[in-house]
Amino acid sequence: MKQRALWSAVLVVGLATAGCGSASDTGSSSSGGSTDKLVVWDWKSGEPSAGPYIEKAKADFAKKHPDVTLEFVAQPFDQYYTLLGAAIQSGKGPDVMLFNGGGQIRDRVDALVPLDEYVAEDKQRLAGWDAFAKDGKTYAGPVTLQGHPIYYNKALYEKAGLDPASPATTWDKFLADCAAIAKAGAKCFALGNKEGAGIQFWMSALGSAILTAQEYDDWIAGKRDWNSPNVKRIFQLWKEAGDAGLNNEGANSTAMFNDAFALFQSAKAAHVIGLMSDVGHWKDFNEFLTPDKLGVMSAPVVTAGTTPSLAYDGGIGYAVAKWTKDPKVAADLVRSLTSTDALNAFYADAGAIASDTTIDVSQAGPAAATIVSQLKDGKPALHVALSSKTLDLMGRIAQQLLSGSISVDEAVKQLGASDQAG
């Protein structure tokens with residue numbers, strides 16, 4: 001948590017739990033491959049906005065290893081972990097690979113090289129390490145920070161007769177504001193749950209306003225009580241919001257990336273739980289709503305006595321495969337991919353919030369400034385603490401809750417069993 005205190009004046013670059021890379025040849029390198037070439041898998045390098053970032057990283061790496069060729073293979077995100085799983089199963093594949101923080105990397109650390117001895121010099125400059133660590137060892141260098149702000153459209157607030165400078169601070173007041181927004185012709189939330197990711201954003205954005213501080217800390221520490229009334233309340237509110245028509249029609253068939261965000265950008269919904277990163281984030285929304293009409297609000301208090309906070313962790317980071325021939329050379333590439341020049345380019349061109357605490361983003365606009373101000377008191381996201389298996393189950397259960405085919409009690413029973421099974 002020491003890293004969070006560094007964020008009182010600066011911001012940095014982050015990614016989405018999604019995003020689309022262009023499909024490409026798998027570009028596998030054999031186990032024990034030659035150090036004259038490193039193969040990198042990710043889902044970002046094929047995107048135009050990430051181009052300057054990758055080029056800066058390549059230039060930095062070339063200074064250290066001019067004779068080593070780099071091959072970046074941008075895989076489609078919706079197939080990425082399936083492809084990566086097959087490579088891990090075969091014991092050969094890319095030398096360096098991109099991961100989301102949390103369960104996706106923690107479930108695969110047996111295939112990765114611990115990087116602590118190689119990245120010691122970067123520990124203070126970069127934030128977000130915890131999301132890429134397991135059992136006291138670090139397995140990736142954080143490129144971005146990722147969190148889940150609640151964005152709102154100030155113009156719709158004005159149309160509904162609400163004060164855009166004073167968004168609701170309690171759930172009851174928020175529901176009253178949603179009613180006013182409905183009368184003005186818009187939905188309260190833009191929600192995309194086709195991929196099952198909507199519930200993850202909901203849990204982490206609203207969780208600090210529902211769980212007590214002790215419950216929150218226990219959850220992150222792995223001591224999760226799925227029978228707690230407050231834990232059940234997270235899912236009850238999810239169901240109630242759907243039943244009350246607060247969401248756009250067809251949320252279960254609406255893709256978050258990028259259909260739900262498009263609904264918010266087109267003023268068909270007043271709020272969206274988005275990202276801090278380069279998809280569904282402040283810079284994206286600024287282009288449609290204009291910076292002065294884009295707001296960021298804290299979660300409205302549901303449980304009396306709670307103190308809402310921004311949920312964020314390390315967003316994406318590059319790791320080294322255990323089969324690479326020279327881990328130090330591969331780790332040097334990870335360090336180049338997290339260098340200040342590279343991350344500054346990622347921020348400037350993609351508008352993400354980067355892991356480098358030295359990057360100045362003071363000119364990014366009001367929404368970004370609000371996010372930055374919340375980082376120092378932020379806490380790890382609740383959903384990131386869960387395994388990828390439990391997250392997959394939660395996505396399916398969230399769809400069932402919205403459709404009315406499962407009860408909240410049955411939902412938390414199944415999730416608790418999955419979580420305890422590990």
# chains A, B, ... in the order shown; residues from 1 in each chain; ligands from 1
$ residues_around --residues "Gly207 in chain A" --least-positions-apart "5" --cutoff "9 Å" --atoms "only C-alpha atoms" --output "number ranges by chain"
A: 202, 216, 231, 234, 299, 308-309, 311, 381-382
$ residues_around --residues "Leu162 in chain A" --least-positions-apart "4" --cutoff "8 Å" --atoms "only C-alpha atoms" --output "JSON, numbers by chain"
{"A": [157, 158, 177, 180]}
$ select_by_dssp --residues "range 86-245 of chain A" --states "strand (DSSP E or B)" --output "list in words"
Gly93, Val96, Met97, Leu98, Phe99, Asn100, Leu112, Leu126, Ala133, Lys134, Lys137, Thr138, Ala140, Gly141, Pro142, Thr144, Leu145, Gln146, Gly147, Ile150, Tyr151, Tyr152, Asn153, Thr170, Lys187, Cys188 and Phe189 of chain A
$ residues_around --residues "Glu71 in chain A" --least-positions-apart "5" --cutoff "9 Å" --atoms "only C-alpha atoms" --output "PyMOL selection string"
chain A and resi 27+37-41
$ write_last_selection --atoms "C-alpha atoms" --output "tab-separated table (two decimals), in the first residue's frame"
chain	number	residue	atom	x	y	z
A	27	GLY	CA	4.78	-16.54	-33.34
A	37	LYS	CA	15.19	-13.17	-30.81
A	38	LEU	CA	12.45	-12.57	-28.26
A	39	VAL	CA	8.80	-13.22	-29.08
A	40	VAL	CA	6.19	-11.16	-27.24
A	41	TRP	CA	2.49	-11.95	-27.02
$ closest_residue --among "A:Leu401, A:Ala190, A:Met276, A:Val301" --to "Gln374 in chain A" --atoms "only C-alpha atoms"
A:Met276
$ residues_around --residues "Asp60 in chain A" --least-positions-apart "2" --cutoff "9 Å" --atoms "only C-alpha atoms" --output "CSV table (one decimal) with N, CA and C atoms, in the first residue's frame"
chain,number,residue,atom,x,y,z
A,55,GLU,N,7.2,1.4,-29.8
A,55,GLU,CA,8.4,1.9,-30.5
A,55,GLU,C,9.4,2.5,-29.5
A,56,LYS,N,8.9,3.2,-28.5
A,56,LYS,CA,9.8,3.7,-27.4
A,56,LYS,C,10.4,2.6,-26.6
A,57,ALA,N,9.6,1.6,-26.3
A,57,ALA,CA,10.1,0.4,-25.6
A,57,ALA,C,11.2,-0.3,-26.4
A,58,LYS,N,10.9,-0.5,-27.7
A,58,LYS,CA,11.9,-1.2,-28.6
A,58,LYS,C,13.2,-0.4,-28.6
A,62,ALA,N,16.8,-1.7,-27.5
A,62,ALA,CA,17.9,-1.8,-28.4
A,62,ALA,C,19.2,-1.2,-27.9
A,63,LYS,N,19.1,-0.3,-27.0
A,63,LYS,CA,20.3,0.3,-26.4
A,63,LYS,C,21.1,-0.7,-25.6
A,64,LYS,N,20.3,-1.6,-25.0
A,64,LYS,CA,20.9,-2.6,-24.1
A,64,LYS,C,21.3,-3.9,-24.9
A,333,LEU,N,13.7,-6.6,-21.4
A,333,LEU,CA,12.6,-6.2,-22.2
A,333,LEU,C,11.4,-5.7,-21.4
A,336,SER,N,12.2,-2.3,-20.3
A,336,SER,CA,12.0,-1.3,-21.3
A,336,SER,C,10.5,-1.0,-21.6
A,337,LEU,N,9.7,-2.1,-21.4
A,337,LEU,CA,8.2,-1.9,-21.6
A,337,LEU,C,7.6,-1.1,-20.5
A,339,SER,N,9.5,1.4,-19.0
A,339,SER,CA,10.4,2.6,-18.8
A,339,SER,C,9.6,3.9,-18.9
A,341,ASP,N,10.0,6.7,-20.6
A,341,ASP,CA,9.7,7.3,-21.9
A,341,ASP,C,8.6,6.5,-22.6
A,342,ALA,N,8.6,5.1,-22.5
A,342,ALA,CA,7.6,4.3,-23.1
A,342,ALA,C,6.2,4.6,-22.5
